[in-house]
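**Q** For reference, the structure I am asking about is given below.
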Amino acid sequence: MPNLFSPYTLKGVTLRNRIAMSPMTMYRCTPDAKMNDFHVMLMGSRAAGGFGLVFTEQIAITPDGRTSTACAGLWEDEQIESLARVVRIIKGMGAVPAIQLGHTGRKGSEQLPWEGKRQIAPDHPDGWQVRGPSPIPFGGRFPYPVNELSVAEIHDLHRAYAAAAKRAIAAGFEWLEMHFAHGYLGASFFSPLANQRTDAYGGTLDKRLRFHREALDAVRAVWPERLPLTMRLGTDDFHEDGVKFDDAVWAIAQLKVHGLDLADLSIGMNTDEMREPPFSRAAFMVERGSRVRREVGIPVAASWNLGQPAVADQVIRDELVDLVFLGRPALANPHWPIWAARELAHADPFSLLPQDWSWWLKNRPGSENSHGWPPMAIAN
């Protein structure tokens, strides 16, 4: 029976446990979309803290694919080295480095969250003209007009995904996820709330999935077969006129045929007018993940409110999902895996750490609980 601390192998990559640091946009990149010392610290400390898989934030495939001018990109070769620095520290601390490629679509051109998180006008020095499947503004904090993508522009974006994937290989990443959730470009193509096209990329469910299939095909053609290729999917808009979970189950089965190795399930977020979103419920995506895993026969990752160690461990033991993705818990506690291991009475919590780091903690114990940790749980 697997547990939270069991190794996990997908394709030619083995994780030391089932715990992943989820991609999180931190708004700390340089104006030329490069990562810096902050990101080396953030990702390196989580790898040193025991996470098995460590993601960067969403990395934009084009300049207008960023959330803000403080976000990362990989649309030119000059951006490779800043990401390679992050890769080196993640690998050096024993974790697998993962990259998430995406495009924010009509939710781009945004202020920093602590400055209001509102969309910036296209003619502002820090703003740009956003694009999407249809000329429909998101609304609310995102009021500005959206340029409808032409078919030629869609093909350009697919080539941009592939080009960014090649650069990710050059930077040393060993896991690639495509971000098609949270109201960003991929999610908006799939949702009838944002996609009202009448050509080959809109209308029926099959046509609304075409953007995904072609983007996945473009990346699959350049990404090594031995390395995992995954996708974060917007599986439910929680709106009567949006994506339903049944739609997503069907879509994931289609994407599996096109080479998808794992489905990372999340929310569509194509509107602020969601009906009873379950954000306050613990592990609310797990039951859905179990259905995808069972019906589609594909590995599944889930996030959303899995920060309680006993809950995270149980969903793995019950084989409901394959990986647990942690966002805010990873920000709150860089050693979350060690804390979880102690809470769950793991026989050797410090074994989750790099060998040299673990040696000092095991062999210089000091007085009782002098590490600063609460007392360990007692195994039943």
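By convention here, the chains of the structure tokens are called A, B, ... in the order presented, each chain's residues are numbered starting at 1, and ligands are numbered starting at 1 in the order presented.
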What's around stretch 99-114 of chain A at 8 Å? Count only C-alpha atoms, leave out sequence neighbours fewer than 5 positions away in its own chain, and write the answer as a CSV table (one decimal) with all heavy atoms, in the first residue's frame.

**A**
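Resulting contents of out.csv:
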chain,number,residue,atom,x,y,z
A,23,PRO,N,2.8,25.0,-8.4
A,23,PRO,CA,3.2,26.3,-9.0
A,23,PRO,C,2.5,27.4,-8.4
A,23,PRO,O,1.3,27.4,-8.2
A,23,PRO,CB,2.9,26.1,-10.5
A,23,PRO,CG,2.7,24.6,-10.6
A,23,PRO,CD,2.2,24.1,-9.3
A,27,TYR,N,5.3,37.1,-8.2
A,27,TYR,CA,5.5,38.5,-8.6
A,27,TYR,C,6.8,39.0,-8.2
A,27,TYR,O,6.9,40.2,-7.7
A,27,TYR,CB,4.3,39.3,-8.1
A,27,TYR,CG,3.0,38.8,-8.5
A,27,TYR,CD1,2.3,37.9,-7.8
A,27,TYR,CD2,2.4,39.3,-9.7
A,27,TYR,CE1,1.0,37.4,-8.2
A,27,TYR,CE2,1.1,38.9,-10.1
A,27,TYR,CZ,0.4,38.0,-9.3
A,27,TYR,OH,-0.8,37.5,-9.7
A,55,PHE,N,7.9,22.8,-8.3
A,55,PHE,CA,7.5,23.5,-9.4
A,55,PHE,C,8.0,25.0,-9.3
A,55,PHE,O,8.0,25.6,-8.2
A,55,PHE,CB,6.0,23.6,-9.6
A,55,PHE,CG,5.4,22.4,-10.4
A,55,PHE,CD1,5.0,21.3,-9.7
A,55,PHE,CD2,5.3,22.5,-11.8
A,55,PHE,CE1,4.4,20.2,-10.4
A,55,PHE,CE2,4.8,21.4,-12.5
A,55,PHE,CZ,4.3,20.3,-11.8
A,56,THR,N,8.4,25.5,-10.4
A,56,THR,CA,8.4,27.0,-10.6
A,56,THR,C,7.0,27.5,-10.6
A,56,THR,O,6.0,26.7,-10.7
A,56,THR,CB,9.1,27.4,-11.9
A,56,THR,OG1,8.4,26.9,-13.0
A,56,THR,CG2,10.6,26.8,-11.9
A,57,GLU,N,6.8,28.8,-10.7
A,57,GLU,CA,5.5,29.4,-11.0
A,57,GLU,C,5.2,29.2,-12.4
A,57,GLU,O,6.0,28.7,-13.2
A,57,GLU,CB,5.6,30.9,-10.6
A,57,GLU,CG,6.5,31.7,-11.5
A,57,GLU,CD,6.7,33.1,-11.0
A,57,GLU,OE1,7.1,33.3,-9.8
A,57,GLU,OE2,6.4,34.0,-11.8
A,58,GLN,N,4.0,29.6,-12.9
A,58,GLN,CA,3.7,29.5,-14.3
A,58,GLN,C,4.7,30.4,-15.1
A,58,GLN,O,5.0,31.5,-14.7
A,58,GLN,CB,2.3,30.1,-14.5
A,58,GLN,CG,1.9,30.1,-16.0
A,58,GLN,CD,0.5,30.6,-16.3
A,58,GLN,OE1,-0.2,30.1,-17.1
A,58,GLN,NE2,0.1,31.7,-15.6
A,59,ILE,N,5.2,29.8,-16.1
A,59,ILE,CA,6.2,30.5,-17.0
A,59,ILE,C,5.6,30.8,-18.3
A,59,ILE,O,5.1,29.9,-19.0
A,59,ILE,CB,7.5,29.6,-17.2
A,59,ILE,CG1,8.0,29.1,-15.8
A,59,ILE,CG2,8.5,30.3,-18.0
A,59,ILE,CD1,8.6,30.1,-14.9
A,60,ALA,N,5.6,32.1,-18.6
A,60,ALA,CA,4.8,32.5,-19.8
A,60,ALA,C,5.6,32.1,-21.1
A,60,ALA,O,6.8,32.3,-21.2
A,60,ALA,CB,4.6,34.0,-19.8
A,61,ILE,N,4.8,31.7,-22.1
A,61,ILE,CA,5.4,31.3,-23.4
A,61,ILE,C,5.6,32.5,-24.3
A,61,ILE,O,6.3,32.4,-25.3
A,61,ILE,CB,4.6,30.3,-24.1
A,61,ILE,CG1,3.2,30.7,-24.3
A,61,ILE,CG2,4.6,29.0,-23.2
A,61,ILE,CD1,2.3,29.8,-25.2
A,62,THR,N,4.9,33.6,-24.0
A,62,THR,CA,5.1,34.9,-24.8
A,62,THR,C,5.0,36.1,-23.8
A,62,THR,O,4.5,35.9,-22.7
A,62,THR,CB,3.9,35.0,-25.9
A,62,THR,OG1,2.7,35.1,-25.2
A,62,THR,CG2,3.9,33.9,-26.9
A,64,ASP,N,3.0,38.6,-23.7
A,64,ASP,CA,1.6,38.9,-23.3
A,64,ASP,C,1.0,37.7,-22.6
A,64,ASP,O,-0.2,37.8,-22.2
A,64,ASP,CB,0.8,39.3,-24.5
A,64,ASP,CG,0.4,38.2,-25.4
A,64,ASP,OD1,1.2,37.2,-25.5
A,64,ASP,OD2,-0.6,38.4,-26.2
A,65,GLY,N,1.8,36.7,-22.3
A,65,GLY,CA,1.2,35.5,-21.6
A,65,GLY,C,1.5,35.6,-20.1
A,65,GLY,O,1.1,34.8,-19.3
A,66,ARG,N,2.2,36.7,-19.7
A,66,ARG,CA,2.5,36.9,-18.3
A,66,ARG,C,1.2,37.4,-17.5
A,66,ARG,O,0.3,37.9,-18.1
A,66,ARG,CB,3.6,37.9,-18.1
A,66,ARG,CG,5.0,37.4,-18.6
A,66,ARG,CD,6.0,38.6,-18.5
A,66,ARG,NE,5.6,39.6,-19.5
A,66,ARG,CZ,6.2,40.8,-19.5
A,66,ARG,NH1,7.1,41.2,-18.7
A,66,ARG,NH2,5.8,41.7,-20.4
A,67,THR,N,1.2,37.2,-16.2
A,67,THR,CA,0.2,37.8,-15.4
A,67,THR,C,0.5,39.3,-15.2
A,67,THR,O,-0.3,40.2,-15.3
A,67,THR,CB,0.1,37.2,-14.0
A,67,THR,OG1,-0.1,35.8,-14.2
A,67,THR,CG2,-1.0,37.8,-13.2
A,68,SER,N,1.8,39.6,-15.0
A,68,SER,CA,2.3,41.0,-14.8
A,68,SER,C,3.7,41.1,-15.3
A,68,SER,O,4.3,40.1,-15.7
A,68,SER,CB,2.2,41.4,-13.3
A,68,SER,OG,3.3,40.8,-12.6
A,69,THR,N,4.2,42.4,-15.2
A,69,THR,CA,5.6,42.6,-15.7
A,69,THR,C,6.6,42.0,-14.6
A,69,THR,O,7.8,42.1,-14.8
A,69,THR,CB,5.8,44.1,-15.9
A,69,THR,OG1,5.5,44.8,-14.7
A,69,THR,CG2,5.0,44.6,-17.0
A,70,ALA,N,6.1,41.5,-13.5
A,70,ALA,CA,6.9,40.9,-12.5
A,70,ALA,C,6.9,39.4,-12.5
A,70,ALA,O,7.3,38.8,-11.5
A,70,ALA,CB,6.5,41.4,-11.1
A,119,GLN,N,-6.7,44.8,-13.5
A,119,GLN,CA,-6.1,44.8,-14.8
A,119,GLN,C,-5.6,46.2,-15.2
A,119,GLN,O,-6.3,47.2,-14.9
A,119,GLN,CB,-7.1,44.3,-15.9
A,119,GLN,CG,-6.5,43.9,-17.2
A,119,GLN,CD,-7.5,43.1,-18.1
A,119,GLN,OE1,-8.6,43.5,-18.2
A,119,GLN,NE2,-7.0,42.0,-18.6
A,120,ILE,N,-4.5,46.2,-15.9
A,120,ILE,CA,-3.9,47.5,-16.3
A,120,ILE,C,-4.3,47.8,-17.7
A,120,ILE,O,-4.3,46.9,-18.6
A,120,ILE,CB,-2.4,47.4,-16.2
A,120,ILE,CG1,-2.0,47.1,-14.7
A,120,ILE,CG2,-1.7,48.7,-16.6
A,120,ILE,CD1,-0.5,46.8,-14.5
A,121,ALA,N,-4.6,49.0,-18.0
A,121,ALA,CA,-5.0,49.4,-19.4
A,121,ALA,C,-4.0,49.1,-20.4
A,121,ALA,O,-2.7,49.2,-20.1
A,121,ALA,CB,-5.4,50.9,-19.4
A,122,PRO,N,-4.3,48.7,-21.6
A,122,PRO,CA,-3.4,48.4,-22.7
A,122,PRO,C,-2.4,49.5,-23.0
A,122,PRO,O,-1.2,49.2,-23.4
A,122,PRO,CB,-4.3,48.1,-23.9
A,122,PRO,CG,-5.6,47.8,-23.3
A,122,PRO,CD,-5.7,48.6,-22.1
A,126,ASP,N,3.0,49.5,-18.1
A,126,ASP,CA,3.1,48.1,-17.6
A,126,ASP,C,2.0,47.2,-18.0
A,126,ASP,O,1.8,46.1,-17.5
A,126,ASP,CB,3.1,48.2,-16.0
A,126,ASP,CG,4.3,48.8,-15.5
A,126,ASP,OD1,5.4,48.7,-16.1
A,126,ASP,OD2,4.2,49.5,-14.4
A,127,GLY,N,1.2,47.7,-19.0
A,127,GLY,CA,0.1,46.9,-19.5
A,127,GLY,C,0.2,46.5,-20.9
A,127,GLY,O,1.2,46.9,-21.6
A,128,TRP,N,-0.7,45.7,-21.4
A,128,TRP,CA,-0.7,45.3,-22.8
A,128,TRP,C,-2.1,44.8,-23.2
A,128,TRP,O,-3.0,44.6,-22.4
A,128,TRP,CB,0.3,44.1,-23.0
A,128,TRP,CG,0.1,42.9,-22.2
A,128,TRP,CD1,-0.8,41.9,-22.4
A,128,TRP,CD2,0.7,42.6,-20.9
A,128,TRP,NE1,-0.7,40.9,-21.4
A,128,TRP,CE2,0.2,41.4,-20.5
A,128,TRP,CE3,1.7,43.3,-20.2
A,128,TRP,CZ2,0.7,40.8,-19.3
A,128,TRP,CZ3,2.1,42.7,-19.0
A,128,TRP,CH2,1.6,41.5,-18.6
A,129,GLN,N,-2.2,44.7,-24.5
A,129,GLN,CA,-3.5,44.2,-25.1
A,129,GLN,C,-3.6,42.7,-24.9
A,129,GLN,O,-2.8,41.9,-25.3
A,129,GLN,CB,-3.6,44.5,-26.6
A,129,GLN,CG,-4.8,44.0,-27.3
A,129,GLN,CD,-6.1,44.5,-26.7
A,129,GLN,OE1,-6.3,45.7,-26.7
A,129,GLN,NE2,-7.0,43.7,-26.2
A,130,VAL,N,-4.7,42.3,-24.1
A,130,VAL,CA,-4.9,40.9,-23.8
A,130,VAL,C,-5.6,40.2,-25.0
A,130,VAL,O,-6.3,40.9,-25.8
A,130,VAL,CB,-5.6,40.7,-22.5
A,130,VAL,CG1,-4.8,41.2,-21.3
A,130,VAL,CG2,-7.0,41.3,-22.5
A,131,ARG,N,-5.4,38.9,-25.1
A,131,ARG,CA,-6.0,38.1,-26.2
A,131,ARG,C,-6.7,36.9,-25.6
A,131,ARG,O,-6.4,36.5,-24.5
A,131,ARG,CB,-4.9,37.7,-27.2
A,131,ARG,CG,-4.1,38.8,-27.8
A,131,ARG,CD,-3.2,38.3,-28.9
A,131,ARG,NE,-2.0,37.5,-28.3
A,131,ARG,CZ,-1.2,36.8,-29.0
A,131,ARG,NH1,-1.3,36.7,-30.3
A,131,ARG,NH2,-0.1,36.2,-28.4
A,132,GLY,N,-7.7,36.4,-26.4
A,132,GLY,CA,-8.4,35.3,-25.9
A,132,GLY,C,-9.2,34.6,-27.1
A,132,GLY,O,-9.1,35.1,-28.3
A,137,PRO,N,-14.5,40.4,-22.5
A,137,PRO,CA,-13.8,40.7,-21.3
A,137,PRO,C,-14.2,39.7,-20.2
A,137,PRO,O,-15.3,39.3,-20.1
A,137,PRO,CB,-14.1,42.1,-21.0
A,137,PRO,CG,-14.6,42.7,-22.3
A,137,PRO,CD,-15.3,41.5,-23.0
A,138,PHE,N,-13.2,39.4,-19.3
A,138,PHE,CA,-13.5,38.6,-18.2
A,138,PHE,C,-14.6,39.3,-17.3
A,138,PHE,O,-15.4,38.6,-16.7
A,138,PHE,CB,-12.3,38.3,-17.4
A,138,PHE,CG,-12.4,37.3,-16.3
A,138,PHE,CD1,-12.3,35.9,-16.5
A,138,PHE,CD2,-12.8,37.7,-15.0
A,138,PHE,CE1,-12.5,35.0,-15.5
A,138,PHE,CE2,-13.0,36.8,-14.0
A,138,PHE,CZ,-12.8,35.5,-14.2
A,142,PHE,N,-11.2,42.7,-14.5
A,142,PHE,CA,-10.6,42.6,-15.8
A,142,PHE,C,-11.5,43.1,-16.8
A,142,PHE,O,-12.2,42.4,-17.6
A,142,PHE,CB,-10.3,41.1,-16.1
A,142,PHE,CG,-9.3,40.4,-15.1
A,142,PHE,CD1,-9.9,39.7,-14.0
A,142,PHE,CD2,-8.0,40.5,-15.2
A,142,PHE,CE1,-9.1,39.1,-13.1
A,142,PHE,CE2,-7.1,39.9,-14.3
A,142,PHE,CZ,-7.7,39.2,-13.2
A,146,VAL,N,-10.9,42.4,-25.2
A,146,VAL,CA,-10.0,41.3,-25.5
A,146,VAL,C,-10.0,41.1,-27.0
A,146,VAL,O,-11.0,41.1,-27.7
A,146,VAL,CB,-10.6,40.0,-24.9
A,146,VAL,CG1,-9.9,38.7,-25.3
A,146,VAL,CG2,-10.7,40.1,-23.4
A,161,TYR,N,4.6,27.3,-27.4
A,161,TYR,CA,4.6,26.2,-26.4
A,161,TYR,C,5.8,25.3,-26.6
A,161,TYR,O,6.5,24.9,-25.7
A,161,TYR,CB,3.3,25.5,-26.4
A,161,TYR,CG,2.2,26.0,-25.5
A,161,TYR,CD1,1.1,26.7,-26.0
A,161,TYR,CD2,2.3,25.9,-24.1
A,161,TYR,CE1,0.1,27.2,-25.2
A,161,TYR,CE2,1.3,26.5,-23.3
A,161,TYR,CZ,0.2,27.1,-23.8
A,161,TYR,OH,-0.7,27.6,-23.0
A,164,ALA,N,9.2,27.0,-26.0
A,164,ALA,CA,9.5,27.1,-24.6
A,164,ALA,C,9.8,25.7,-24.0
A,164,ALA,O,10.7,25.7,-23.1
A,164,ALA,CB,8.2,27.7,-23.9
A,165,ALA,N,9.2,24.7,-24.4
A,165,ALA,CA,9.5,23.3,-23.9
A,165,ALA,C,10.9,23.0,-24.3
A,165,ALA,O,11.6,22.4,-23.5
A,165,ALA,CB,8.5,22.3,-24.6
A,168,ALA,N,13.0,24.7,-21.9
A,168,ALA,CA,12.9,24.0,-20.5
A,168,ALA,C,13.9,22.8,-20.5
A,168,ALA,O,14.5,22.5,-19.4
A,168,ALA,CB,11.5,23.6,-20.3
A,173,PHE,N,15.0,21.0,-16.7
A,173,PHE,CA,13.8,20.5,-16.1
A,173,PHE,C,13.5,19.1,-16.5
A,173,PHE,O,13.8,18.6,-17.6
A,173,PHE,CB,12.6,21.4,-16.5
A,173,PHE,CG,12.6,22.7,-15.8
A,173,PHE,CD1,13.1,23.9,-16.5
A,173,PHE,CD2,12.2,22.9,-14.5
A,173,PHE,CE1,13.1,25.1,-15.9
A,173,PHE,CE2,12.2,24.1,-13.9
A,173,PHE,CZ,12.7,25.2,-14.6
A,175,TRP,N,10.3,17.6,-15.6
A,175,TRP,CA,8.8,17.4,-15.6
A,175,TRP,C,8.2,18.7,-16.1
A,175,TRP,O,8.6,19.8,-15.8
A,175,TRP,CB,8.4,17.2,-14.1
A,175,TRP,CG,7.0,16.9,-13.8
A,175,TRP,CD1,5.9,17.6,-14.0
A,175,TRP,CD2,6.5,15.7,-13.2
A,175,TRP,NE1,4.8,17.0,-13.6
A,175,TRP,CE2,5.1,15.8,-13.0
A,175,TRP,CE3,7.2,14.5,-12.7
A,175,TRP,CZ2,4.4,14.8,-12.4
A,175,TRP,CZ3,6.4,13.5,-12.1
A,175,TRP,CH2,5.0,13.7,-12.0
A,176,LEU,N,7.2,18.5,-17.1
A,176,LEU,CA,6.6,19.7,-17.7
A,176,LEU,C,5.1,19.6,-17.5
A,176,LEU,O,4.5,18.6,-17.9
A,176,LEU,CB,7.0,19.8,-19.2
A,176,LEU,CG,6.6,21.1,-19.9
A,176,LEU,CD1,7.6,21.4,-21.0
A,176,LEU,CD2,5.2,21.0,-20.5
A,177,GLU,N,4.5,20.7,-17.0
A,177,GLU,CA,3.1,20.8,-16.9
A,177,GLU,C,2.6,22.0,-17.8
A,177,GLU,O,3.2,23.1,-17.7
A,177,GLU,CB,2.7,21.0,-15.5
A,177,GLU,CG,1.2,21.2,-15.3
A,177,GLU,CD,0.7,21.2,-13.8
A,177,GLU,OE1,0.6,20.1,-13.3
A,177,GLU,OE2,0.6,22.3,-13.2
A,178,MET,N,1.5,21.8,-18.5
A,178,MET,CA,0.9,22.9,-19.2
A,178,MET,C,-0.3,23.4,-18.4
A,178,MET,O,-1.1,22.6,-17.9
A,178,MET,CB,0.4,22.4,-20.6
A,178,MET,CG,1.6,21.8,-21.4
A,178,MET,SD,1.1,21.0,-22.9
A,178,MET,CE,0.7,22.4,-23.9
A,179,HIS,N,-0.4,24.7,-18.2
A,179,HIS,CA,-1.4,25.3,-17.3
A,179,HIS,C,-2.6,25.7,-18.1
A,179,HIS,O,-2.7,26.8,-18.8
A,179,HIS,CB,-0.8,26.6,-16.6
A,179,HIS,CG,-1.6,27.1,-15.5
A,179,HIS,ND1,-2.8,26.6,-15.2
A,179,HIS,CD2,-1.4,28.0,-14.6
A,179,HIS,CE1,-3.3,27.2,-14.1
A,179,HIS,NE2,-2.4,28.1,-13.7
A,180,PHE,N,-3.7,24.9,-18.1
A,180,PHE,CA,-4.9,25.1,-18.8
A,180,PHE,C,-6.1,25.2,-17.8
A,180,PHE,O,-7.1,24.6,-18.0
A,180,PHE,CB,-5.1,24.0,-19.8
A,180,PHE,CG,-4.3,24.2,-21.1
A,180,PHE,CD1,-3.3,25.2,-21.2
A,180,PHE,CD2,-4.5,23.3,-22.1
A,180,PHE,CE1,-2.6,25.3,-22.3
A,180,PHE,CE2,-3.7,23.4,-23.3
A,180,PHE,CZ,-2.7,24.4,-23.4
A,183,GLY,N,-8.9,30.2,-15.5
A,183,GLY,CA,-9.3,31.2,-16.4
A,183,GLY,C,-8.3,31.7,-17.4
A,183,GLY,O,-8.5,32.7,-18.1
A,184,TYR,N,-7.1,31.1,-17.4
A,184,TYR,CA,-6.1,31.5,-18.3
A,184,TYR,C,-6.4,31.0,-19.7
A,184,TYR,O,-7.5,30.4,-20.0
A,184,TYR,CB,-4.7,31.0,-17.8
A,184,TYR,CG,-4.3,31.6,-16.5
A,184,TYR,CD1,-3.6,30.9,-15.6
A,184,TYR,CD2,-4.7,32.9,-16.2
A,184,TYR,CE1,-3.2,31.5,-14.4
A,184,TYR,CE2,-4.4,33.5,-15.0
A,184,TYR,CZ,-3.6,32.8,-14.1
A,184,TYR,OH,-3.2,33.4,-12.9
A,185,LEU,N,-5.5,31.1,-20.7
A,185,LEU,CA,-5.9,31.0,-22.1
A,185,LEU,C,-6.5,29.6,-22.4
A,185,LEU,O,-7.5,29.5,-23.0
A,185,LEU,CB,-4.7,31.3,-23.0
A,185,LEU,CG,-5.0,31.3,-24.5
A,185,LEU,CD1,-6.0,32.4,-24.8
A,185,LEU,CD2,-3.7,31.4,-25.3
A,186,GLY,N,-5.8,28.5,-22.0
A,186,GLY,CA,-6.2,27.2,-22.3
A,186,GLY,C,-7.6,26.9,-21.7
A,186,GLY,O,-8.5,26.4,-22.3
A,188,SER,N,-9.9,29.1,-21.0
A,188,SER,CA,-10.9,29.9,-21.6
A,188,SER,C,-11.3,29.3,-23.0
A,188,SER,O,-12.5,29.5,-23.4
A,188,SER,CB,-10.4,31.4,-21.8
A,188,SER,OG,-9.3,31.5,-22.7

**Q** Might you pull out every residue within 7 Å of A:Pro2, with only C-alpha atoms counted and same-chain residues fewer than 3 positions away left off, and present them as a list in words?

**A**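 Residues near the query, excluding close chain neighbours: Ser6, Ile316 and Arg317 of chain A.
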
**Q** The selected residues should be written to file as a PDB file, in the first residue's frame (atoms: all heavy atoms).

**A**
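Final output, selection.pdb:
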ATOM      1  N   SER A   6       5.913   7.340   0.096  1.00  0.00           N
ATOM      2  CA  SER A   6       6.372   6.327  -0.853  1.00  0.00           C
ATOM      3  C   SER A   6       6.974   6.994  -2.084  1.00  0.00           C
ATOM      4  O   SER A   6       6.448   8.006  -2.568  1.00  0.00           O
ATOM      5  CB  SER A   6       5.203   5.449  -1.312  1.00  0.00           C
ATOM      6  OG  SER A   6       4.567   4.808  -0.244  1.00  0.00           O
ATOM      7  N   ILE A 316      -3.623   9.233  -0.425  1.00  0.00           N
ATOM      8  CA  ILE A 316      -2.639   8.401  -1.117  1.00  0.00           C
ATOM      9  C   ILE A 316      -2.817   6.935  -0.730  1.00  0.00           C
ATOM     10  O   ILE A 316      -2.805   6.042  -1.575  1.00  0.00           O
ATOM     11  CB  ILE A 316      -1.211   8.866  -0.805  1.00  0.00           C
ATOM     12  CG1 ILE A 316      -0.983  10.310  -1.299  1.00  0.00           C
ATOM     13  CG2 ILE A 316      -0.187   7.918  -1.437  1.00  0.00           C
ATOM     14  CD1 ILE A 316      -1.064  10.491  -2.797  1.00  0.00           C
ATOM     15  N   ARG A 317      -2.993   6.663   0.573  1.00  0.00           N
ATOM     16  CA  ARG A 317      -3.177   5.277   1.029  1.00  0.00           C
ATOM     17  C   ARG A 317      -4.407   4.629   0.394  1.00  0.00           C
ATOM     18  O   ARG A 317      -4.400   3.433   0.062  1.00  0.00           O
ATOM     19  CB  ARG A 317      -3.307   5.233   2.553  1.00  0.00           C
ATOM     20  CG  ARG A 317      -2.003   5.478   3.290  1.00  0.00           C
ATOM     21  CD  ARG A 317      -2.206   5.443   4.797  1.00  0.00           C
ATOM     22  NE  ARG A 317      -0.954   5.705   5.502  1.00  0.00           N
ATOM     23  CZ  ARG A 317      -0.065   4.763   5.825  1.00  0.00           C
ATOM     24  NH1 ARG A 317      -0.308   3.490   5.517  1.00  0.00           N
ATOM     25  NH2 ARG A 317       1.043   5.086   6.458  1.00  0.00           N
TER      26      ARG A 317
END

**Q** Step one, run DSSP on the backbone; step two, keep only residues of stretch 219-322 of chain A assigned to strand (DSSP E or B); then write them as a list in words.

**A** Leu229, Thr230, Met231, Arg232, Leu233, Gly234, Leu262, Ala263, Asp264, Leu265, Ser266, Val300, Ala301 and Ala302 of chain A

**Q** Using only C-alpha atoms for the distances, tell me which of A:Val87, A:Ala248, A:Pro133, A:Arg141 is nearest to A:Lys117.

**A**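 The shortest atom-to-atom distance to A:Lys117 comes from A:Arg141.
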
**Q** Counting only C-alpha atoms, which residue out of A:Val286, A:Ala181, A:Leu331, A:Leu344 sits closest to A:Glu319?

**A**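 Closest to A:Glu319 of all the choices is A:Val286.
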
**Q** Determine, counting only C-alpha atoms, which protein, DNA and RNA residues have an atom within 9 Å of an atom of A:Gly12; residues of the same chain fewer than 6 positions away are not included. Present the result as a list in words.

**A**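 Listed by chain and then number, they are Glu225, Arg226, Leu227 and Pro228 of chain A.
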
**Q** Which one is closest to A:Gly50: A:Ala200, A:Ile19, A:Met274, A:Val243? Count only C-alpha atoms.

**A**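 Looking only at the distances to A:Gly50, the closest residue turns out to be A:Ile19.
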
**Q** Given the choices A:Leu353, A:Ala341, A:Ala221, A:Met231, which gets closest to A:Ala95 if the distance is worked out from only C-alpha atoms?

**A** A:Leu353

**Q** If we count only C-alpha atoms and set the cut-off at 10 Å, which residues sit around A:Asp32, ignoring sequence neighbours fewer than 2 positions away in its own chain? Please answer as a short mmCIF file (atom, residue, chain, number, x, y, z; two decimals) with N, CA and C atoms, in the first residue's frame.

**A**
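part-v7.cif was written with the following content:
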data_model
loop_
_atom_site.label_atom_id
_atom_site.label_comp_id
_atom_site.auth_asym_id
_atom_site.auth_seq_id
_atom_site.Cartn_x
_atom_site.Cartn_y
_atom_site.Cartn_z
N CYS A 29 9.86 38.46 -10.21
CA CYS A 29 10.82 38.35 -11.31
C CYS A 29 11.31 39.73 -11.75
N THR A 30 12.38 39.74 -12.51
CA THR A 30 12.92 40.98 -13.05
C THR A 30 12.03 41.44 -14.21
N LYS A 34 12.97 37.28 -15.92
CA LYS A 34 13.92 36.29 -15.44
C LYS A 34 13.74 36.05 -13.95
N MET A 35 14.08 34.84 -13.52
CA MET A 35 14.09 34.53 -12.09
C MET A 35 15.41 35.00 -11.48
N PRO A 63 5.49 37.25 -24.24
CA PRO A 63 5.42 38.39 -23.33
C PRO A 63 4.01 38.70 -22.84
N THR A 69 4.20 42.35 -15.24
CA THR A 69 5.59 42.58 -15.65
C THR A 69 6.57 42.05 -14.61
N ALA A 70 6.08 41.54 -13.48
CA ALA A 70 6.94 40.94 -12.46
C ALA A 70 6.90 39.41 -12.51
N CYS A 71 6.45 38.86 -13.65
CA CYS A 71 6.31 37.41 -13.77
C CYS A 71 7.30 36.84 -14.78
N ALA A 72 7.51 35.54 -14.70
CA ALA A 72 8.57 34.87 -15.45
C ALA A 72 8.13 34.47 -16.85
N GLY A 73 9.12 34.36 -17.73
CA GLY A 73 8.86 33.93 -19.10
C GLY A 73 9.98 33.08 -19.64
N GLU A 78 17.75 33.94 -23.78
CA GLU A 78 18.41 34.67 -22.70
C GLU A 78 17.77 34.40 -21.34
N GLN A 79 16.56 33.85 -21.34
CA GLN A 79 15.87 33.57 -20.08
C GLN A 79 16.19 32.18 -19.52
#

**Q** A:Ile252: which residues within 9 Å, counting only C-alpha atoms, same-chain residues fewer than 2 positions away excluded, as a list in words?

**A**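 The residues that qualify are Leu233, Asp247, Ala248, Val249, Trp250, Gln254, Leu255, Lys256, Val257, Leu260, Ala263, Val292, Val296 and Ile298 of chain A.
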
**Q** Identify, on the basis of only C-alpha atoms, every residue whose closest approach to A:Asp356 does not exceed 12 Å; exclude the query and any residue fewer than 5 positions from it along the same chain; express the result as JSON, numbers by chain.

**A** {"A": [48, 92, 93, 94, 350, 351, 361, 362, 363]}

**Q** Taking only C-alpha atoms into account, name the residue in A:Pro224, A:Gly140, A:Pro329, A:Gly259 that is nearest to A:Thr271.

**A**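 Checking each of A:Pro224, A:Gly140, A:Pro329, A:Gly259 against A:Thr271, counting only C-alpha atoms, the winner is A:Gly140.
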
**Q** In Å, how far is it from atom CA of A:Ser370 to atom CA of A:Phe38?

**A**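 Separation of atom CA of A:Ser370 and atom CA of A:Phe38: 29.1 Å.
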